[in-house]
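Colleague: Would you mind keeping the following structure in view while I ask a few things?
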Amino acid sequence: MRVIESNNITLLARFGSKIKWALIALMLALSGGQALAQASTVQNPFAQTLLAKDVTIPGFWDPRAALERPDLTGFRTVRFLIDDDFAPLGFSGLDGNPTGFSVELARSVCEKLRLTCTVQARRFDTLLKALADKQGDVVAAAIPTTTGLRDQFSVTSPYFKFPARFAVRLDRNLPEPQAKVLAGKGVGVVAGTAHEAFAKAFFPGAVLKPFDDLASAQAALKAGDLDYLFADGLNLALWIGGVDADECCAFSGGAYLESRFFGEGIGFITRKDDEILRRALDFALQQLWKEGKYAELYLRFFPVSPF
């Protein structure tokens, strides 16, 4: 289990099985035409979330902001450093090559900018040092954007965030969670996390039930010992769509993205002296979202959306 720190509050992000996600990626790649057709049905060019066949797709870019494409004539080969042990953002495919949402988004950015790029997998805890030592040019991994990170590196606008979500049992028919609805209800949280702190601040009437880890909280929800579970949306999405949940549960209500609790998300990270590259990456990310490529990749890797 990897621990991600955000604003001094611990968030938990669980690894997915490499084989499981490699198989999912293969199956969804084979049905790519269908996924692209679903993505093309998205209408609103800028909203907090977009919907495509029951999969909610986030949007983090304002199309009214006209980003300019920097001149990249003669630009060098760009070396992406990635983590291949954090599915579905990055993992090893069946052929042994790295894939995942962050990895394929990086490849799409290179194609959009007509840049030659390489992708190199490294151990997560070595990525930033390798970038600082100029062993690579861009880090594409789940490293939360913080003030400390910005002090050392440049970061693009976020291309993914870690929303908080409520999950419920499907057979309970409970109303969507609101402060009044949650009064007196049993709400599971993982002790010591941003989700517990947020629930204490904004749902004071709820009866919070802290658990040592997310797996225990999920098991309690599945067993019917909780009314609601409030936790990291990515991990909940992996569980809801996986075998362990046995189709017991689903999300209820919308996503919570309060940055003071849940962080600013993740973007592509570059060195401060590579400002042209950072600007180019921001331009490409916005264009990929406008054109529907972001939605296509999101549908491929998030069959159950965290949003």
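Naming works like this for the structure tokens: A, B, ... for the chains as they're shown, residue 1 at the start of each chain, ligands 1 onward in shown order.
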Please return as an MDAnalysis selection string: the residues of region 169-306 of chain A that backbone DSSP assigns to strand (DSSP E).

Modeller: chainID A and resid 169 186:190 207:211 228:232 249:256 269:271

Colleague: Can you tell me which residues surround Val155 (chain A) at a distance of at most 9 Å, considering only C-alpha atoms, apart from same-chain residues fewer than 3 positions away, and format the answer as a count of residues only?

Modeller: 12

Colleague: I want to know what sits within 10 Å of Thr116 (chain A), based on only C-alpha atoms, with residues of the same chain fewer than 6 positions away left out; could you give that as a list in words?

Modeller: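 My list of contacting residues is Phe75, Arg76, Thr77, Val78, Arg79, Arg107 and Cys110 of chain A.
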
Colleague: For the selection just defined, write its residues with C-alpha atoms to a file, as a short mmCIF file (atom, residue, chain, number, x, y, z; two decimals), in the first residue's frame.

Modeller:
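Now in part.cif:
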data_model
loop_
_atom_site.label_atom_id
_atom_site.label_comp_id
_atom_site.auth_asym_id
_atom_site.auth_seq_id
_atom_site.Cartn_x
_atom_site.Cartn_y
_atom_site.Cartn_z
CA PHE A 75 13.24 20.49 -29.77
CA ARG A 76 15.13 17.63 -28.20
CA THR A 77 13.78 14.15 -27.46
CA VAL A 78 11.64 14.37 -24.31
CA ARG A 79 12.22 11.68 -21.69
CA ARG A 107 2.24 9.51 -25.28
CA CYS A 110 3.94 13.83 -27.49
#

Colleague: Pick out the residues sitting within 9 Å of region 132-137 of chain A, and hand them over as number ranges by chain; count only C-alpha atoms, and ignore anything fewer than 2 positions along from it in its own chain.

Modeller: A: 78-81, 120, 127-130, 139, 152-153, 269-271, 274, 277

Colleague: So that I can check the surroundings of Ala206 (chain A), please list as a list in words every protein, DNA and RNA residue that reaches within 7 Å of it, counting only C-alpha atoms and ignoring chain neighbours fewer than 5 positions away.

Modeller: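 In the requested form, the answer reads Leu182, Ala183, Gly184, Lys185, Gly186 and Val187 of chain A.
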
Colleague: For the residues in the current selection, export C-alpha atoms as a PDB file, in the first residue's frame.

Modeller:
ATOM      1  CA  LEU A 182     -26.280  12.075   7.452  1.00  0.00           C
ATOM      2  CA  ALA A 183     -27.402  13.201  10.901  1.00  0.00           C
ATOM      3  CA  GLY A 184     -27.461  10.097  13.080  1.00  0.00           C
ATOM      4  CA  LYS A 185     -26.213   7.849  10.266  1.00  0.00           C
ATOM      5  CA  GLY A 186     -23.191   5.593  10.612  1.00  0.00           C
ATOM      6  CA  VAL A 187     -20.435   6.838   8.284  1.00  0.00           C
TER       7      VAL A 187
END

Colleague: Tell me, counting only C-alpha atoms, for each residue of region 165-203 of chain A within 12 Å of region 238-245 of chain A, which pair of atoms is nearest and how far apart they are in Å to one decimal, in rows ordered by chain and increasing number, as CSV.

Modeller:
residue,atom,partner,partner_atom,distance
A:Arg165,CA,A:Ile240,CA,11.9
A:Phe166,CA,A:Ile240,CA,11.6
A:Ala167,CA,A:Ile240,CA,8.7
A:Val168,CA,A:Ile240,CA,10.1
A:Arg169,CA,A:Ala245,CA,10.0
A:Leu170,CA,A:Ile240,CA,11.0

Colleague: Go through A:Tyr256, A:Phe211, A:Phe160, A:Phe101 and flag the residue nearest Gln178 (chain A), using only C-alpha atoms for the distances.

Modeller: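 Once distances to Gln178 (chain A) are computed over only C-alpha atoms, the minimum belongs to A:Tyr256.
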
Colleague: Quick one: residues within 10 Å of Leu105 (chain A), only C-alpha atoms, excluding same-chain residues fewer than 5 positions away - as a ChimeraX atom specification?

Modeller: /A:89,99-100,110-111,140,159,284-285,288,293-294,297-298

Colleague: Include N, CA and C atoms and write out the residues we just selected as a PDB file, in the first residue's frame.

Modeller:
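Result file follows (result_9.pdb):
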ATOM      1  N   LEU A  89      -3.165   4.345 -13.158  1.00  0.00           N
ATOM      2  CA  LEU A  89      -2.419   5.469 -13.712  1.00  0.00           C
ATOM      3  C   LEU A  89      -1.151   5.011 -14.411  1.00  0.00           C
ATOM      4  N   THR A  99       2.065   1.035 -19.386  1.00  0.00           N
ATOM      5  CA  THR A  99       0.844   1.625 -19.893  1.00  0.00           C
ATOM      6  C   THR A  99       0.101   2.207 -18.702  1.00  0.00           C
ATOM      7  N   GLY A 100      -1.129   2.643 -18.897  1.00  0.00           N
ATOM      8  CA  GLY A 100      -1.895   3.285 -17.846  1.00  0.00           C
ATOM      9  C   GLY A 100      -2.321   4.669 -18.288  1.00  0.00           C
ATOM     10  N   CYS A 110       2.804  13.815 -26.565  1.00  0.00           N
ATOM     11  CA  CYS A 110       3.941  13.835 -27.492  1.00  0.00           C
ATOM     12  C   CYS A 110       3.465  13.816 -28.946  1.00  0.00           C
ATOM     13  N   GLU A 111       2.442  12.998 -29.208  1.00  0.00           N
ATOM     14  CA  GLU A 111       1.898  12.938 -30.565  1.00  0.00           C
ATOM     15  C   GLU A 111       1.284  14.272 -30.957  1.00  0.00           C
ATOM     16  N   ALA A 140       5.670  11.752 -14.952  1.00  0.00           N
ATOM     17  CA  ALA A 140       4.238  11.497 -15.118  1.00  0.00           C
ATOM     18  C   ALA A 140       3.853  10.409 -14.124  1.00  0.00           C
ATOM     19  N   TYR A 159      -4.104  17.108 -14.436  1.00  0.00           N
ATOM     20  CA  TYR A 159      -4.843  16.279 -15.377  1.00  0.00           C
ATOM     21  C   TYR A 159      -5.622  15.179 -14.650  1.00  0.00           C
ATOM     22  N   ALA A 284      -0.895  21.148 -24.796  1.00  0.00           N
ATOM     23  CA  ALA A 284      -1.314  19.859 -25.354  1.00  0.00           C
ATOM     24  C   ALA A 284      -2.411  19.225 -24.511  1.00  0.00           C
ATOM     25  N   LEU A 285      -2.310  19.302 -23.193  1.00  0.00           N
ATOM     26  CA  LEU A 285      -3.333  18.724 -22.328  1.00  0.00           C
ATOM     27  C   LEU A 285      -4.695  19.369 -22.580  1.00  0.00           C
ATOM     28  N   LEU A 288      -6.025  18.139 -25.970  1.00  0.00           N
ATOM     29  CA  LEU A 288      -6.490  16.751 -25.932  1.00  0.00           C
ATOM     30  C   LEU A 288      -7.853  16.647 -25.269  1.00  0.00           C
ATOM     31  N   LYS A 293      -9.778  13.360 -26.854  1.00  0.00           N
ATOM     32  CA  LYS A 293      -8.792  12.307 -26.639  1.00  0.00           C
ATOM     33  C   LYS A 293      -8.660  11.984 -25.156  1.00  0.00           C
ATOM     34  N   TYR A 294      -8.723  13.011 -24.309  1.00  0.00           N
ATOM     35  CA  TYR A 294      -8.663  12.777 -22.868  1.00  0.00           C
ATOM     36  C   TYR A 294      -9.814  11.872 -22.445  1.00  0.00           C
ATOM     37  N   LEU A 297      -9.200   8.205 -23.430  1.00  0.00           N
ATOM     38  CA  LEU A 297      -8.261   7.515 -22.547  1.00  0.00           C
ATOM     39  C   LEU A 297      -8.884   7.265 -21.179  1.00  0.00           C
ATOM     40  N   TYR A 298      -9.651   8.226 -20.687  1.00  0.00           N
ATOM     41  CA  TYR A 298     -10.286   8.058 -19.384  1.00  0.00           C
ATOM     42  C   TYR A 298     -11.243   6.874 -19.398  1.00  0.00           C
TER      43      TYR A 298
END

Colleague: Write out as a PyMOL selection string the residues lying within 10 Å of Phe283 (chain A), counting only C-alpha atoms and excluding same-chain residues fewer than 6 positions away.

Modeller: chain A and resi 66-70+109+112-113+156-157+277

Colleague: Just checking: using only C-alpha atoms, which residue out of A:Ala141, A:Leu131, A:Ala237, A:Ala219 ends up closest to Glu104 (chain A)?

Modeller: A:Ala141

Colleague: One decimal, in Å: what's the spacing between CA of Asp282 (chain A) and CA of Trp61 (chain A)?

Modeller: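 Computing it gives 9.6 Å between the two atoms.
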
Colleague: Give the helix (DSSP H, G or I) residues of region 45-293 of chain A, as DSSP finds them on the backbone, and put them as a VMD selection string.

Modeller: chain A and resid 101 to 113 124 to 132 147 to 152 170 to 172 179 to 182 194 to 202 214 to 223 233 to 240 259 to 262 275 to 291 293
